[in-house]
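S.K.: Below is the file final-v2.txt, with compact mmCIF, C-alpha atoms.
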```txt
# COMPACT_ATOMS: atom_id res chain seq x y z
CA MET A 1 11.54 -14.20 8.12
CA LYS A 2 11.45 -13.86 11.92
CA LYS A 3 11.89 -10.09 11.60
CA ILE A 4 8.99 -9.89 9.15
CA ILE A 5 6.71 -11.88 11.46
CA LEU A 6 7.75 -9.66 14.38
CA ILE A 7 6.92 -6.49 12.40
CA VAL A 8 3.45 -7.83 11.45
CA VAL A 9 2.73 -8.91 15.05
CA CYS A 10 3.88 -5.53 16.48
CA THR A 11 1.75 -3.65 13.95
CA THR A 12 -1.31 -5.75 14.76
CA VAL A 13 -0.85 -5.34 18.53
CA SER A 14 -0.30 -1.58 18.21
CA VAL A 15 -3.44 -1.14 16.10
CA SER A 16 -5.45 -3.26 18.57
CA LEU A 17 -4.29 -1.14 21.51
CA PHE A 18 -5.05 2.12 19.69
CA ALA A 19 -8.46 0.78 18.69
CA GLN A 20 -9.60 1.09 22.30
CA SER A 21 -9.59 4.88 21.86
CA SER A 22 -12.54 6.87 20.49
CA ASN A 23 -10.07 8.70 18.22
CA VAL A 24 -9.44 5.52 16.23
CA HIS A 25 -11.54 4.33 13.30
CA LEU A 26 -10.87 0.90 11.86
CA GLY A 27 -11.71 0.40 8.21
CA ILE A 28 -11.43 -1.61 5.04
CA LYS A 29 -10.17 -0.65 1.59
CA ALA A 30 -9.95 -2.09 -1.92
CA GLY A 31 -9.25 -0.93 -5.43
CA VAL A 32 -7.23 -1.16 -8.63
CA ASN A 33 -3.45 -0.97 -9.06
CA VAL A 34 -1.66 0.14 -12.20
CA ALA A 35 1.86 -1.14 -11.53
CA SER A 36 5.13 -1.04 -13.44
CA LEU A 37 8.80 -1.84 -12.88
CA ASN A 38 11.53 0.77 -13.24
CA VAL A 39 14.71 -0.88 -14.58
CA ALA A 40 17.97 1.04 -14.07
CA ASN A 41 20.06 1.18 -17.28
CA GLY A 42 17.55 -0.97 -19.11
CA VAL A 43 14.07 -1.18 -20.59
CA ASP A 44 11.29 -0.55 -18.06
CA PHE A 45 8.41 -2.97 -17.72
CA ASN A 46 5.18 -1.23 -18.73
CA SER A 47 2.12 -1.06 -16.52
CA ARG A 48 -0.15 -3.98 -15.69
CA SER A 49 -3.46 -3.79 -13.84
CA SER A 50 -4.16 -5.71 -10.66
CA PHE A 51 -5.94 -5.14 -7.34
CA TYR A 52 -5.36 -4.37 -3.69
CA ALA A 53 -7.47 -5.11 -0.60
CA GLY A 54 -7.01 -4.89 3.16
CA GLY A 55 -7.59 -2.91 6.33
CA LEU A 56 -6.65 0.37 7.98
CA ALA A 57 -6.65 2.18 11.32
CA HIS A 58 -7.32 5.93 11.09
CA ILE A 59 -5.92 7.49 14.29
CA HIS A 60 -6.79 11.14 14.99
CA VAL A 61 -3.97 13.10 16.62
CA THR A 62 -5.65 16.50 16.19
CA SER A 63 -8.75 17.63 14.30
CA HIS A 64 -6.62 18.16 11.17
CA PHE A 65 -3.92 15.52 11.52
CA ALA A 66 -4.08 11.72 11.67
CA VAL A 67 -1.76 8.74 11.48
CA GLN A 68 -2.97 5.82 9.38
CA PRO A 69 -1.25 2.41 9.48
CA GLU A 70 -2.58 -0.10 6.96
CA LEU A 71 -2.18 -3.78 6.13
CA TYR A 72 -3.20 -4.92 2.66
CA PHE A 73 -2.42 -7.32 -0.19
CA SER A 74 -1.18 -5.65 -3.37
CA GLY A 75 -0.75 -7.13 -6.86
CA GLN A 76 2.22 -5.45 -8.56
CA GLY A 77 4.81 -6.06 -11.31
CA GLY A 78 4.82 -5.07 -14.96
CA LYS A 79 4.82 -6.32 -18.52
CA ASP A 80 6.98 -6.11 -21.63
CA GLY A 81 5.26 -7.44 -24.73
CA SER A 82 4.15 -11.00 -23.99
CA GLU A 83 6.26 -11.20 -20.80
CA ILE A 84 4.37 -10.41 -17.58
CA ILE A 85 5.98 -10.15 -14.15
CA LYS A 86 3.38 -10.76 -11.42
CA LEU A 87 4.42 -9.76 -7.90
CA GLY A 88 2.32 -10.04 -4.76
CA TYR A 89 3.10 -8.07 -1.60
CA LEU A 90 1.70 -7.70 1.88
CA ASN A 91 2.12 -3.93 2.27
CA ILE A 92 2.32 -2.06 5.58
CA PRO A 93 2.32 1.73 5.07
CA LEU A 94 2.44 4.25 7.93
CA LEU A 95 0.89 7.45 6.62
CA GLY A 96 0.64 10.93 8.02
CA GLN A 97 -2.60 12.59 6.89
CA TYR A 98 -3.58 16.24 6.78
CA MET A 99 -7.37 16.69 6.75
CA THR A 100 -8.92 19.96 5.58
CA GLY A 101 -12.15 19.51 7.56
CA THR A 102 -14.20 19.42 4.35
CA GLY A 103 -13.61 15.73 3.62
CA PHE A 104 -10.42 16.16 1.60
CA ARG A 105 -7.14 14.72 2.91
CA LEU A 106 -3.53 14.60 1.79
CA GLU A 107 -1.25 11.76 2.88
CA THR A 108 2.36 10.63 2.72
CA GLY A 109 4.63 8.18 4.47
CA PRO A 110 6.90 5.12 4.29
CA GLN A 111 5.74 1.67 3.28
CA LEU A 112 7.18 -1.77 3.99
CA GLY A 113 6.29 -4.51 1.50
CA ILE A 114 6.68 -8.21 2.31
CA LEU A 115 6.98 -10.39 -0.80
CA VAL A 116 4.29 -13.08 -0.98
CA SER A 117 4.66 -14.29 -4.58
CA GLY A 118 6.64 -13.76 -7.78
CA GLU A 119 5.92 -15.15 -11.24
CA ASP A 120 7.33 -14.55 -14.72
CA LYS A 121 4.78 -15.46 -17.39
CA ASN A 122 5.75 -15.50 -21.06
CA GLY A 123 2.99 -16.85 -23.28
CA ASP A 124 1.93 -20.17 -21.77
CA VAL A 125 5.16 -20.59 -19.77
CA LYS A 126 5.06 -19.66 -16.08
CA VAL A 127 8.18 -19.57 -13.89
CA ASP A 128 8.27 -18.98 -10.13
CA ILE A 129 10.86 -16.22 -9.58
CA LYS A 130 10.31 -15.61 -5.87
CA ASP A 131 13.83 -16.88 -5.04
CA ASN A 132 15.29 -14.21 -7.37
CA LEU A 133 13.51 -11.39 -5.53
CA ASN A 134 14.23 -9.57 -2.27
CA ALA A 135 11.84 -10.57 0.52
CA VAL A 136 11.33 -6.95 1.61
CA ASP A 137 10.50 -3.87 -0.46
CA PHE A 138 10.62 -0.26 0.78
CA SER A 139 8.70 2.56 -0.88
CA TRP A 140 7.31 6.01 -0.16
CA ALA A 141 3.61 6.76 -0.62
CA PHE A 142 2.00 10.02 -1.78
CA GLY A 143 -1.75 10.36 -1.99
CA ALA A 144 -5.02 12.20 -1.61
CA GLY A 145 -8.50 11.19 -0.66
CA TYR A 146 -12.00 12.35 0.03
CA GLN A 147 -14.39 11.07 2.69
CA PHE A 148 -18.02 11.89 2.03
CA PRO A 149 -19.40 14.09 4.85
CA GLY A 150 -21.44 12.27 7.46
CA SER A 151 -20.34 8.83 6.33
CA GLY A 152 -17.40 6.46 6.54
CA VAL A 153 -17.22 6.04 2.76
CA GLY A 154 -14.39 7.60 0.80
CA ILE A 155 -12.24 7.48 -2.33
CA ASP A 156 -8.47 7.33 -2.33
CA ALA A 157 -5.71 7.75 -4.92
CA ARG A 158 -2.07 6.99 -4.17
CA TYR A 159 1.33 6.70 -5.86
CA ASN A 160 3.92 4.37 -4.32
CA LEU A 161 7.48 5.18 -5.35
CA GLY A 162 9.74 2.15 -4.88
CA ILE A 163 13.06 2.91 -3.17
CA SER A 164 14.68 -0.49 -2.70
CA ASN A 165 15.80 -3.00 -5.32
CA VAL A 166 13.22 -5.70 -6.09
CA TRP A 167 15.77 -8.04 -7.73
CA ASN A 168 18.27 -9.69 -5.38
CA SER A 169 21.26 -9.67 -7.77
CA GLY A 170 22.60 -7.58 -10.62
CA THR A 171 19.99 -5.30 -12.18
CA ASN A 172 18.47 -2.55 -10.04
CA ILE A 173 14.65 -2.65 -10.35
CA GLN A 174 12.08 -0.66 -8.36
CA ASN A 175 8.31 -0.96 -8.03
CA ARG A 176 6.08 1.87 -9.25
CA VAL A 177 2.38 1.67 -8.34
CA PHE A 178 -0.56 4.01 -8.92
CA ALA A 179 -3.62 2.90 -6.94
CA VAL A 180 -7.20 4.15 -6.83
CA GLY A 181 -10.09 2.74 -4.86
CA LEU A 182 -12.67 2.98 -2.10
CA PHE A 183 -12.40 2.80 1.67
CA TYR A 184 -14.88 2.54 4.52
CA GLN A 185 -14.13 3.73 8.06
CA PHE A 186 -16.35 2.33 10.80
CA MET A 187 -17.46 5.49 12.57
CA ASN A 188 -17.70 5.50 16.38
CA ASP A 189 -18.07 9.20 17.21
CA MET A 190 -18.44 12.65 15.69
CA HIS A 191 -15.10 12.58 13.80
CA ARG A 192 -16.29 12.00 10.23
CA HIS A 193 -13.52 13.40 8.05
```
Step by step, read the file and then write its structure as structure tokens.
M.R.:
Amino acid sequence: MKKIILIVVCTTVSVSLFAQSSNVHLGIKAGVNVASLNVANGVDFNSRSSFYAGGLAHIHVTSHFAVQPELYFSGQGGKDGSEIIKLGYLNIPLLGQYMTGTGFRLETGPQLGILVSGEDKNGDVKVDIKDNLNAVDFSWAFGAGYQFPGSGVGIDARYNLGISNVWNSGTNIQNRVFAVGLFYQFMNDMHRH
């Protein structure tokens, strides 16, 4: 737990220091997740819808390349018939973004997920399964977005491919999440892409 707190503190401090630069745009984001669980040698859990919401720091390195760390809550999990696995993560991706100069951008990078909650719901029965889950989840993000010219408003679509095992014993299970939503970058200079 101390390592997780240290990572969150370091990320926050780093973003705050970078925010002093005119090449940094802080922002907010929110949208819908369609999440599922990939079960090795077993039956996958089908997709369930949830939401995500949080903040970002868009850091221009060149006119066509940026680094974007984010911090956001993400509802994940999956369902199989009447059984629904609800997982909540505090996700911290570090994305590299290529911007075309026309508003379109492509992005990819690693993501660290810190488990916040875990619940198995079957009908009216709810069981807390957080103790059966790994506290940290690693994934790789792939995405694309578009920021409307002359504004901080944009749309974003992303696929997070889980790499690490969600379950802490036995069965190997990975998160799979497709997310789509809106973002807003607070603009402080002429970089509007």
S.K.: At a cut-off of 7 Å, using only C-alpha atoms, what residues contact A:Asp80? Leave out same-chain residues fewer than 3 positions from it and give the result as JSON, numbers by chain.
M.R.: {"A": [45, 46, 83, 84]}
S.K.: So how far away is atom CA of A:Phe183 from atom CA of A:Met99, in Å?
M.R.: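 Between these atoms lies a distance of 15.6 Å.
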S.K.: Tell me, in Å to one decimal, how far atom CA of A:Asp120 is from atom CA of A:Ser82.
M.R.: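 Value for the atom CA of A:Asp120-atom CA of A:Ser82 distance: 10.4 Å.
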S.K.: Hey, which of A:Ser139, A:Thr102, A:Ser49, A:Ser151 ends up closest to A:Asn175? Count all atoms listed in the file.
M.R.: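 Nearest to A:Asn175: A:Ser139.
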S.K.: Pick the closest to A:Val136 from A:Gly154, A:Gly162, A:Gly75, A:Gly31: which is it, counting all atoms listed in the file?
M.R.: A:Gly162
S.K.: Looking at only C-alpha atoms, which of A:Gly109, A:Gly170, A:Gly54, A:Gly145 is the one that sits closest to A:Val39?
M.R.: A:Gly170
S.K.: List as a ChimeraX atom specification the protein and nucleic acid residues near A:Phe73, meaning an atom at most 10 Å away when only C-alpha atoms are counted, but skip any in the same chain fewer than 3 places from it.
M.R.: /A:30,51-55,76,88-92,113-116
S.K.: Work out how far atom CA of A:His25 is from atom CA of A:His58, in Å to one decimal.
M.R.: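 Between atom CA of A:His58 and atom CA of A:His25 the gap is 5.0 Å.
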S.K.: May I ask which of the residues A:Leu87, A:Gly101, A:Ala35, A:Val43 is the closest one to A:His64, counting only C-alpha atoms?
M.R.: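 Result for the nearest residue to A:His64: A:Gly101.
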S.K.: List every protein, DNA or RNA residue that has an atom no more than 6 Å from (-5.3, -0.5, -9.1) in the file's coordinate frame, counting only C-alpha atoms, and report them as a short mmCIF file (atom, residue, chain, number, x, y, z; two decimals) with C-alpha atoms, in the frame of the given file.
M.R.:
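What ended up in out15.cif:
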```cif
data_model
loop_
_atom_site.label_atom_id
_atom_site.label_comp_id
_atom_site.auth_asym_id
_atom_site.auth_seq_id
_atom_site.Cartn_x
_atom_site.Cartn_y
_atom_site.Cartn_z
CA GLY A 31 -9.25 -0.93 -5.43
CA VAL A 32 -7.23 -1.16 -8.63
CA ASN A 33 -3.45 -0.97 -9.06
CA VAL A 34 -1.66 0.14 -12.20
CA SER A 50 -4.16 -5.71 -10.66
CA PHE A 51 -5.94 -5.14 -7.34
CA ALA A 179 -3.62 2.90 -6.94
CA VAL A 180 -7.20 4.15 -6.83
#
```
S.K.: Could you check the closest approach to A:Phe65 for each of A:Gly181, A:Gly81, A:Gly42, A:Gly96 and tell me which residue wins, using all atoms listed in the file?
M.R.: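 Nearest candidate to A:Phe65 out of A:Gly181, A:Gly81, A:Gly42, A:Gly96: A:Gly96.
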S.K.: From the list A:Ser117, A:Asn23, A:Thr100, A:Thr171, which residue is nearest A:Lys86 when using all atoms listed in the file?
M.R.: A:Ser117
